[in-house]
>>> print(open('protein21.pdb').read())   # PDB, C-alpha atoms
ATOM      1  CA  MET A 482     -11.683 -61.468 -34.351
ATOM      2  CA  ALA A 483     -13.553 -58.232 -33.721
ATOM      3  CA  GLU A 484     -10.233 -56.402 -33.304
ATOM      4  CA  ALA A 485      -8.918 -57.748 -36.588
ATOM      5  CA  LYS A 486     -12.089 -56.605 -38.286
ATOM      6  CA  ALA A 487     -11.798 -53.116 -36.798
ATOM      7  CA  THR A 488      -8.173 -52.791 -38.001
ATOM      8  CA  ARG A 489      -9.115 -53.997 -41.432
ATOM      9  CA  LEU A 490     -11.975 -51.441 -41.601
ATOM     10  CA  LYS A 491      -9.668 -48.639 -40.436
ATOM     11  CA  ASN A 492      -7.087 -49.400 -43.156
ATOM     12  CA  ARG A 493      -9.572 -49.547 -45.990
ATOM     13  CA  PRO A 494      -9.101 -46.806 -48.593
ATOM     14  CA  LEU A 495     -11.450 -43.860 -48.149
ATOM     15  CA  SER A 496     -13.940 -43.218 -50.888
ATOM     16  CA  PRO A 497     -13.334 -40.035 -52.889
ATOM     17  CA  HIS A 498     -14.996 -37.045 -51.286
ATOM     18  CA  LEU A 499     -15.994 -33.531 -52.395
ATOM     19  CA  GLN A 500     -12.501 -32.017 -52.278
ATOM     20  CA  ILE A 501     -11.085 -34.165 -55.090
ATOM     21  CA  TYR A 502     -13.669 -33.000 -57.647
ATOM     22  CA  LYS A 503     -13.135 -29.978 -59.868
ATOM     23  CA  PRO A 504     -16.393 -28.053 -59.238
ATOM     24  CA  PRO A 505     -18.528 -28.291 -62.398
ATOM     25  CA  LEU A 506     -19.634 -24.938 -63.836
ATOM     26  CA  THR A 507     -23.314 -25.958 -63.640
ATOM     27  CA  MET A 508     -22.908 -26.524 -59.883
ATOM     28  CA  MET A 509     -21.063 -23.219 -59.372
ATOM     29  CA  MET A 510     -23.769 -21.329 -61.283
ATOM     30  CA  SER A 511     -26.472 -23.108 -59.270
ATOM     31  CA  ILE A 512     -24.801 -21.787 -56.101
ATOM     32  CA  VAL A 513     -24.448 -18.316 -57.661
ATOM     33  CA  HIS A 514     -28.181 -18.425 -58.548
ATOM     34  CA  ARG A 515     -29.009 -18.932 -54.869
ATOM     35  CA  ILE A 516     -26.514 -16.260 -53.722
ATOM     36  CA  THR A 517     -27.856 -13.674 -56.193
ATOM     37  CA  GLY A 518     -31.399 -14.562 -55.081
ATOM     38  CA  GLY A 519     -30.424 -13.927 -51.457
ATOM     39  CA  ALA A 520     -28.741 -10.649 -52.448
ATOM     40  CA  LEU A 521     -31.836  -9.515 -54.366
ATOM     41  CA  PHE A 522     -33.949 -10.311 -51.272
ATOM     42  CA  PHE A 523     -32.028  -7.618 -49.366
ATOM     43  CA  GLY A 524     -31.590  -5.474 -52.478
ATOM     44  CA  MET A 525     -35.355  -4.943 -52.415
ATOM     45  CA  LEU A 526     -34.680  -2.642 -49.415
ATOM     46  CA  LEU A 527     -32.740  -0.336 -51.746
ATOM     47  CA  LEU A 528     -35.635  -0.138 -54.231
ATOM     48  CA  VAL A 529     -38.149   0.496 -51.445
ATOM     49  CA  TRP A 530     -35.902   3.156 -49.884
ATOM     50  CA  TRP A 531     -35.773   4.924 -53.259
ATOM     51  CA  LEU A 532     -39.584   4.719 -53.753
ATOM     52  CA  ILE A 533     -40.339   5.962 -50.224
ATOM     53  CA  ALA A 534     -37.860   8.816 -50.636
ATOM     54  CA  ALA A 535     -39.467   9.829 -53.949
ATOM     55  CA  ALA A 536     -42.885   9.771 -52.230
ATOM     56  CA  ALA A 537     -41.603  11.660 -49.170
ATOM     57  CA  GLY A 538     -40.306  14.722 -51.015
ATOM     58  CA  PRO A 539     -37.365  16.496 -52.683
ATOM     59  CA  ASN A 540     -35.060  16.456 -49.621
ATOM     60  CA  ALA A 541     -35.377  12.711 -48.955
ATOM     61  CA  TYR A 542     -34.991  12.042 -52.678
ATOM     62  CA  ALA A 543     -31.859  14.207 -52.834
ATOM     63  CA  SER A 544     -30.187  12.156 -50.076
ATOM     64  CA  VAL A 545     -30.867   8.898 -51.978
ATOM     65  CA  GLN A 546     -29.505  10.517 -55.146
ATOM     66  CA  TRP A 547     -26.415  11.656 -53.224
ATOM     67  CA  PHE A 548     -25.752   8.118 -51.942
ATOM     68  CA  MET A 549     -26.270   6.507 -55.360
ATOM     69  CA  GLU A 550     -23.703   8.903 -56.868
ATOM     70  CA  THR A 551     -20.946   7.953 -54.403
ATOM     71  CA  VAL A 552     -18.460   5.261 -55.489
ATOM     72  CA  ILE A 553     -19.967   2.754 -53.008
ATOM     73  CA  GLY A 554     -23.491   3.587 -54.189
ATOM     74  CA  ARG A 555     -22.486   3.091 -57.830
ATOM     75  CA  LEU A 556     -20.769  -0.244 -56.994
ATOM     76  CA  ILE A 557     -23.866  -1.477 -55.120
ATOM     77  CA  LEU A 558     -26.103  -0.456 -58.036
ATOM     78  CA  PHE A 559     -23.790  -2.158 -60.555
ATOM     79  CA  GLY A 560     -23.771  -5.322 -58.434
ATOM     80  CA  TYR A 561     -27.559  -5.092 -58.067
ATOM     81  CA  THR A 562     -27.967  -4.827 -61.851
ATOM     82  CA  TRP A 563     -25.716  -7.842 -62.431
ATOM     83  CA  ALA A 564     -27.390  -9.920 -59.674
ATOM     84  CA  LEU A 565     -30.847  -9.159 -61.130
ATOM     85  CA  ILE A 566     -29.867  -9.992 -64.721
ATOM     86  CA  HIS A 567     -27.865 -13.084 -63.734
ATOM     87  CA  HIS A 568     -30.713 -14.378 -61.550
ATOM     88  CA  MET A 569     -33.121 -13.724 -64.436
ATOM     89  CA  LEU A 570     -31.009 -15.574 -67.021
ATOM     90  CA  GLY A 571     -30.273 -18.383 -64.546
ATOM     91  CA  GLY A 572     -34.006 -18.554 -63.867
ATOM     92  CA  ILE A 573     -34.762 -18.862 -67.587
ATOM     93  CA  LYS A 574     -32.193 -21.700 -67.741
ATOM     94  CA  HIS A 575     -33.930 -23.432 -64.829
ATOM     95  CA  LEU A 576     -37.327 -22.995 -66.549
ATOM     96  CA  ILE A 577     -35.859 -24.672 -69.666
ATOM     97  CA  TRP A 578     -34.575 -27.506 -67.460
ATOM     98  CA  ASP A 579     -37.963 -27.699 -65.662
ATOM     99  CA  LEU A 580     -39.584 -28.355 -69.048
ATOM    100  CA  GLY A 581     -37.157 -31.242 -69.580
ATOM    101  CA  TYR A 582     -34.930 -29.680 -72.260
ATOM    102  CA  GLY A 583     -31.200 -28.921 -72.333
ATOM    103  CA  PHE A 584     -29.895 -31.741 -70.131
ATOM    104  CA  GLY A 585     -27.393 -33.115 -72.677
ATOM    105  CA  PRO A 586     -23.673 -32.796 -71.823
ATOM    106  CA  VAL A 587     -23.166 -30.138 -74.517
ATOM    107  CA  GLU A 588     -26.420 -28.170 -74.023
ATOM    108  CA  ARG A 589     -26.192 -27.899 -70.240
ATOM    109  CA  GLU A 590     -22.641 -26.477 -70.425
ATOM    110  CA  TRP A 591     -23.568 -24.166 -73.292
ATOM    111  CA  LEU A 592     -26.655 -22.890 -71.422
ATOM    112  CA  THR A 593     -24.649 -22.279 -68.266
ATOM    113  CA  VAL A 594     -21.840 -20.412 -70.052
ATOM    114  CA  ALA A 595     -24.522 -18.372 -71.862
ATOM    115  CA  THR A 596     -26.098 -17.230 -68.562
ATOM    116  CA  LEU A 597     -22.698 -16.071 -67.281
ATOM    117  CA  ILE A 598     -21.567 -14.270 -70.448
ATOM    118  CA  GLY A 599     -25.096 -12.959 -71.065
ATOM    119  CA  SER A 600     -25.425 -11.514 -67.557
ATOM    120  CA  ILE A 601     -22.109  -9.643 -67.818
ATOM    121  CA  GLY A 602     -22.902  -8.461 -71.359
ATOM    122  CA  PHE A 603     -26.429  -7.237 -70.565
ATOM    123  CA  THR A 604     -25.263  -5.534 -67.334
ATOM    124  CA  VAL A 605     -22.588  -3.554 -69.207
ATOM    125  CA  LEU A 606     -25.125  -2.765 -71.951
ATOM    126  CA  VAL A 607     -27.706  -1.464 -69.433
ATOM    127  CA  TRP A 608     -25.073   0.776 -67.835
ATOM    128  CA  ILE A 609     -23.824   2.103 -71.193
ATOM    129  CA  VAL A 610     -27.428   2.964 -72.134
ATOM    130  CA  GLY A 611     -27.907   4.515 -68.677
ATOM    131  CA  TYR A 612     -24.870   6.774 -69.035
ATOM    132  CA  LEU A 613     -25.906   7.719 -72.587
ATOM    133  CA  VAL A 614     -29.361   8.725 -71.249
ATOM    134  CA  MET A 615     -27.671  10.901 -68.602
ATOM    135  CA  GLY A 616     -25.432  12.428 -71.291
ATOM    136  CA  GLY A 617     -22.053  11.007 -70.272
ATOM    137  CA  LEU A 618     -20.127   9.847 -67.205
ATOM    138  CA  ARG A 619     -21.045  11.385 -63.864
TER     139      ARG A 619
ATOM    140  CA  MET B1264     -45.170 -45.521 -51.101
ATOM    141  CA  SER B1265     -47.720 -47.099 -53.425
ATOM    142  CA  GLU B1266     -51.232 -47.266 -52.049
ATOM    143  CA  PRO B1267     -53.354 -50.379 -52.451
ATOM    144  CA  ALA B1268     -55.115 -50.382 -55.812
ATOM    145  CA  ARG B1269     -58.535 -50.195 -54.129
ATOM    146  CA  SER B1270     -57.715 -47.163 -51.979
ATOM    147  CA  MET B1271     -60.404 -44.503 -51.880
ATOM    148  CA  ARG B1272     -57.754 -41.728 -51.715
ATOM    149  CA  THR B1273     -57.369 -39.547 -54.781
ATOM    150  CA  PRO B1274     -53.877 -38.872 -56.243
ATOM    151  CA  LEU B1275     -54.176 -35.259 -55.036
ATOM    152  CA  GLY B1276     -55.072 -36.431 -51.539
ATOM    153  CA  ARG B1277     -51.930 -38.575 -51.394
ATOM    154  CA  VAL B1278     -49.503 -35.726 -52.229
ATOM    155  CA  ARG B1279     -51.275 -32.907 -50.375
ATOM    156  CA  HIS B1280     -49.254 -31.568 -47.392
ATOM    157  CA  LEU B1281     -46.062 -33.380 -48.481
ATOM    158  CA  GLY B1282     -42.670 -31.664 -48.663
ATOM    159  CA  SER B1283     -40.557 -29.891 -46.056
ATOM    160  CA  ALA B1284     -43.097 -27.057 -45.692
ATOM    161  CA  HIS B1285     -46.069 -29.499 -45.785
ATOM    162  CA  HIS B1286     -47.591 -27.496 -48.634
ATOM    163  CA  GLY B1287     -47.213 -30.105 -51.363
ATOM    164  CA  THR B1288     -46.116 -28.580 -54.668
ATOM    165  CA  ARG B1289     -47.637 -25.136 -54.020
ATOM    166  CA  VAL B1290     -44.312 -23.396 -53.308
ATOM    167  CA  PHE B1291     -42.624 -25.031 -56.322
ATOM    168  CA  TRP B1292     -45.420 -23.991 -58.666
ATOM    169  CA  HIS B1293     -45.853 -20.421 -57.351
ATOM    170  CA  GLN B1294     -42.065 -19.934 -57.544
ATOM    171  CA  ARG B1295     -42.186 -20.754 -61.268
ATOM    172  CA  LEU B1296     -45.372 -18.748 -61.836
ATOM    173  CA  THR B1297     -43.823 -15.603 -60.375
ATOM    174  CA  SER B1298     -40.483 -16.277 -62.104
ATOM    175  CA  VAL B1299     -42.229 -15.989 -65.483
ATOM    176  CA  SER B1300     -44.033 -12.766 -64.529
ATOM    177  CA  ASN B1301     -40.789 -11.399 -63.051
ATOM    178  CA  ILE B1302     -38.984 -11.766 -66.410
ATOM    179  CA  VAL B1303     -41.424  -9.385 -68.113
ATOM    180  CA  LEU B1304     -41.850  -7.028 -65.135
ATOM    181  CA  SER B1305     -38.114  -6.748 -64.318
ATOM    182  CA  ILE B1306     -37.300  -5.754 -67.907
ATOM    183  CA  ALA B1307     -40.105  -3.164 -67.759
ATOM    184  CA  VAL B1308     -38.789  -1.757 -64.453
ATOM    185  CA  ILE B1309     -35.204  -1.556 -65.812
ATOM    186  CA  VAL B1310     -36.541   0.419 -68.803
ATOM    187  CA  ILE B1311     -38.559   2.720 -66.480
ATOM    188  CA  ILE B1312     -35.525   3.387 -64.240
ATOM    189  CA  ILE B1313     -33.279   4.139 -67.256
ATOM    190  CA  GLY B1314     -35.920   6.634 -68.396
ATOM    191  CA  LEU B1315     -35.733   8.394 -65.002
ATOM    192  CA  LEU B1316     -31.936   8.851 -64.983
ATOM    193  CA  GLY B1317     -30.807  12.458 -64.797
ATOM    194  CA  ARG B1318     -34.307  13.825 -64.106
ATOM    195  CA  ASN B1319     -35.153  16.007 -61.096
ATOM    196  CA  HIS B1320     -37.505  15.010 -58.254
ATOM    197  CA  ALA B1321     -40.616  16.662 -59.715
ATOM    198  CA  ALA B1322     -40.213  14.842 -63.041
ATOM    199  CA  VAL B1323     -39.494  11.519 -61.308
ATOM    200  CA  VAL B1324     -42.645  11.854 -59.156
ATOM    201  CA  GLN B1325     -44.752  12.671 -62.200
ATOM    202  CA  ILE B1326     -43.472   9.639 -64.160
ATOM    203  CA  LEU B1327     -43.615   7.159 -61.232
ATOM    204  CA  GLY B1328     -47.159   8.296 -60.410
ATOM    205  CA  SER B1329     -48.469   8.029 -63.984
ATOM    206  CA  THR B1330     -51.045   5.270 -64.433
ATOM    207  CA  PHE B1331     -49.154   2.714 -66.535
ATOM    208  CA  VAL B1332     -45.833   3.144 -64.739
ATOM    209  CA  ALA B1333     -47.520   2.851 -61.324
ATOM    210  CA  ILE B1334     -49.447  -0.291 -62.335
ATOM    211  CA  THR B1335     -46.247  -1.854 -63.741
ATOM    212  CA  LEU B1336     -44.386  -1.024 -60.509
ATOM    213  CA  LEU B1337     -47.213  -2.447 -58.364
ATOM    214  CA  LEU B1338     -47.260  -5.684 -60.363
ATOM    215  CA  PHE B1339     -43.457  -5.893 -60.133
ATOM    216  CA  ILE B1340     -43.489  -5.379 -56.348
ATOM    217  CA  VAL B1341     -46.245  -7.939 -55.697
ATOM    218  CA  SER B1342     -44.713 -10.558 -58.028
ATOM    219  CA  SER B1343     -41.097 -10.137 -56.917
ATOM    220  CA  VAL B1344     -41.813  -9.808 -53.173
ATOM    221  CA  TYR B1345     -43.882 -13.020 -53.289
ATOM    222  CA  HIS B1346     -41.086 -14.691 -55.307
ATOM    223  CA  MET B1347     -38.369 -13.597 -52.875
ATOM    224  CA  TRP B1348     -40.478 -14.635 -49.861
ATOM    225  CA  LEU B1349     -40.864 -18.165 -51.279
ATOM    226  CA  GLY B1350     -37.197 -18.304 -52.337
ATOM    227  CA  MET B1351     -35.911 -17.271 -48.908
ATOM    228  CA  GLN B1352     -38.272 -19.827 -47.327
ATOM    229  CA  VAL B1353     -36.615 -22.581 -49.397
ATOM    230  CA  ILE B1354     -33.130 -21.362 -48.407
ATOM    231  CA  ILE B1355     -34.134 -21.316 -44.704
ATOM    232  CA  GLU B1356     -35.645 -24.808 -44.913
ATOM    233  CA  ASP B1357     -32.403 -26.053 -46.502
ATOM    234  CA  TYR B1358     -29.945 -24.606 -43.981
ATOM    235  CA  VAL B1359     -31.769 -24.084 -40.653
ATOM    236  CA  HIS B1360     -32.241 -27.527 -39.133
ATOM    237  CA  ASP B1361     -33.227 -26.649 -35.564
ATOM    238  CA  GLU B1362     -37.044 -26.661 -35.567
ATOM    239  CA  SER B1363     -37.590 -23.760 -33.162
ATOM    240  CA  TRP B1364     -34.956 -21.602 -34.878
ATOM    241  CA  LYS B1365     -36.490 -22.459 -38.239
ATOM    242  CA  LEU B1366     -39.867 -21.236 -36.964
ATOM    243  CA  VAL B1367     -38.325 -17.936 -35.811
ATOM    244  CA  VAL B1368     -36.391 -17.334 -39.046
ATOM    245  CA  LEU B1369     -39.404 -18.261 -41.221
ATOM    246  CA  MET B1370     -41.490 -15.749 -39.260
ATOM    247  CA  ALA B1371     -38.808 -13.086 -39.730
ATOM    248  CA  ASN B1372     -38.806 -13.836 -43.476
ATOM    249  CA  THR B1373     -42.568 -13.328 -43.656
ATOM    250  CA  PHE B1374     -42.535 -10.143 -41.541
ATOM    251  CA  PHE B1375     -39.687  -8.664 -43.632
ATOM    252  CA  SER B1376     -41.357  -9.521 -46.954
ATOM    253  CA  VAL B1377     -44.772  -8.183 -45.932
ATOM    254  CA  ALA B1378     -43.280  -4.979 -44.474
ATOM    255  CA  VAL B1379     -41.070  -4.301 -47.499
ATOM    256  CA  GLY B1380     -43.894  -5.102 -49.923
ATOM    257  CA  LEU B1381     -46.502  -2.940 -48.186
ATOM    258  CA  ALA B1382     -44.059  -0.034 -47.802
ATOM    259  CA  ALA B1383     -43.355  -0.139 -51.536
ATOM    260  CA  VAL B1384     -47.068  -0.349 -52.412
ATOM    261  CA  PHE B1385     -47.819   2.597 -50.098
ATOM    262  CA  ALA B1386     -45.041   4.677 -51.691
ATOM    263  CA  ILE B1387     -46.288   3.948 -55.229
ATOM    264  CA  LEU B1388     -49.914   4.783 -54.274
ATOM    265  CA  LYS B1389     -48.766   7.999 -52.583
ATOM    266  CA  LEU B1390     -46.836   8.963 -55.732
ATOM    267  CA  SER B1391     -49.958   8.291 -57.814
ATOM    268  CA  PHE B1392     -52.565  10.016 -55.662
ATOM    269  CA  GLY B1393     -50.280  12.684 -54.166
ATOM    270  CA  LEU B1394     -51.524  12.344 -50.585
TER     271      LEU B1394
END
>>> encode(input="protein21.pdb", output="structure tokens")
Amino acid sequence: MAEAKATRLKNRPLSPHLQIYKPPLTMMMSIVHRITGGALFFGMLLLVWWLIAAAAGPNAYASVQWFMETVIGRLILFGYTWALIHHMLGGIKHLIWDLGYGFGPVEREWLTVATLIGSIGFTVLVWIVGYLVMGGLR
Amino acid sequence: MSEPARSMRTPLGRVRHLGSAHHGTRVFWHQRLTSVSNIVLSIAVIVIIIGLLGRNHAAVVQILGSTFVAITLLLFIVSSVYHMWLGMQVIIEDYVHDESWKLVVLMANTFFSVAVGLAAVFAILKLSFGL
């Protein structure tokens, strides 16, 4: 009797699990919000390094400037800019949700797409303005 | 969960010390409080940094040490370091399940945040007062 029950339990169909779902964009962006937050946590080191170098003197400041002008430095700064802006826009979306708005099937998708497109758009805009201030690419 | 109707405990008393950090809703609320201030302060800091691009060290020191820029930077550092400290605490509480490891990593989070925050504040004050 017990054996028959065990066999029957073993042959029962498994319930659908995580791998059969197409990840919803809202979930992916929620994960990205946490990842960018974690990145900004360590990115604060970069800001503090820059401030300390400026306070320490021209030589220390020149070495930070040198690093920021390398390809890796530029890539880190570009990523930092995007992470900051994306985390900010994602945060605004979460504040809207915290207030109880934007939970409808259309609004929540629209809001989430807006944070993604907005973060890329504003990041490129900030860098274009930055290069214009410096008087061209360098 | 519901208390007897004649309980002497106040609603605040019933929720105080709840949650994974046993701090009730304090972390949740302070996270949102600093998120709002971070919106304004981050935009201000982006504008300040764009204004510094292409300038030499002497000019950068003069601008960073000027009263309004220094106050903006100090507010940004305090608000964002507190925000990131709380945020990392939530991440640690979500993923580190071993109690003794959690204690160690939470301590490291606090030490890192305090050290980074104080270093930044010191640098800004030094730029302002030229010690």
>>> interface_residues(input="protein21.pdb", of="chain B", to="chain A", cutoff="6 Å", atoms="only C-alpha atoms", output="ChimeraX atom specification")
/B:1313,1316-1317,1320,1347,1383,1386,1390
>>> closest_residue(input="protein21.pdb", among="B:Thr1273, B:His1293, B:Ala1371, B:Ile1302", to="His567 of chain A", atoms="all atoms listed in the file")
B:Ile1302
>>> closest_residue(input="protein21.pdb", among="B:Ile1309, B:Val1341, B:Met1351, B:Leu1381", to="Val1368 of chain B", atoms="all atoms listed in the file")
B:Met1351
>>> closest_residue(input="protein21.pdb", among="A:Leu527, A:Met510, A:Gly554, A:Gly583", to="Leu597 of chain A", atoms="all atoms listed in the file")
A:Met510
>>> atom_distance(input="protein21.pdb", atom1="atom CA of Trp591 of chain A", atom2="atom CA of Ala564 of chain A")
20.1 Å
>>> closest_residue(input="protein21.pdb", among="A:Leu556, A:Ile577, A:Ile609, A:Met508", to="Val1299 of chain B", atoms="only C-alpha atoms")
A:Ile577
>>> resolve_selection(input="protein21.pdb", expression="the PyMOL selection byres ((chain B and resi 1340) around 10)", output="PyMOL selection string")
(chain A and resi 525+528-529) or (chain B and resi 1301+1304-1305+1334-1339+1341-1346+1379-1381+1383-1384+1387)
>>> atom_distance(input="protein21.pdb", atom1="atom CA of Val594 of chain A", atom2="atom CA of Leu506 of chain A")
8.0 Å
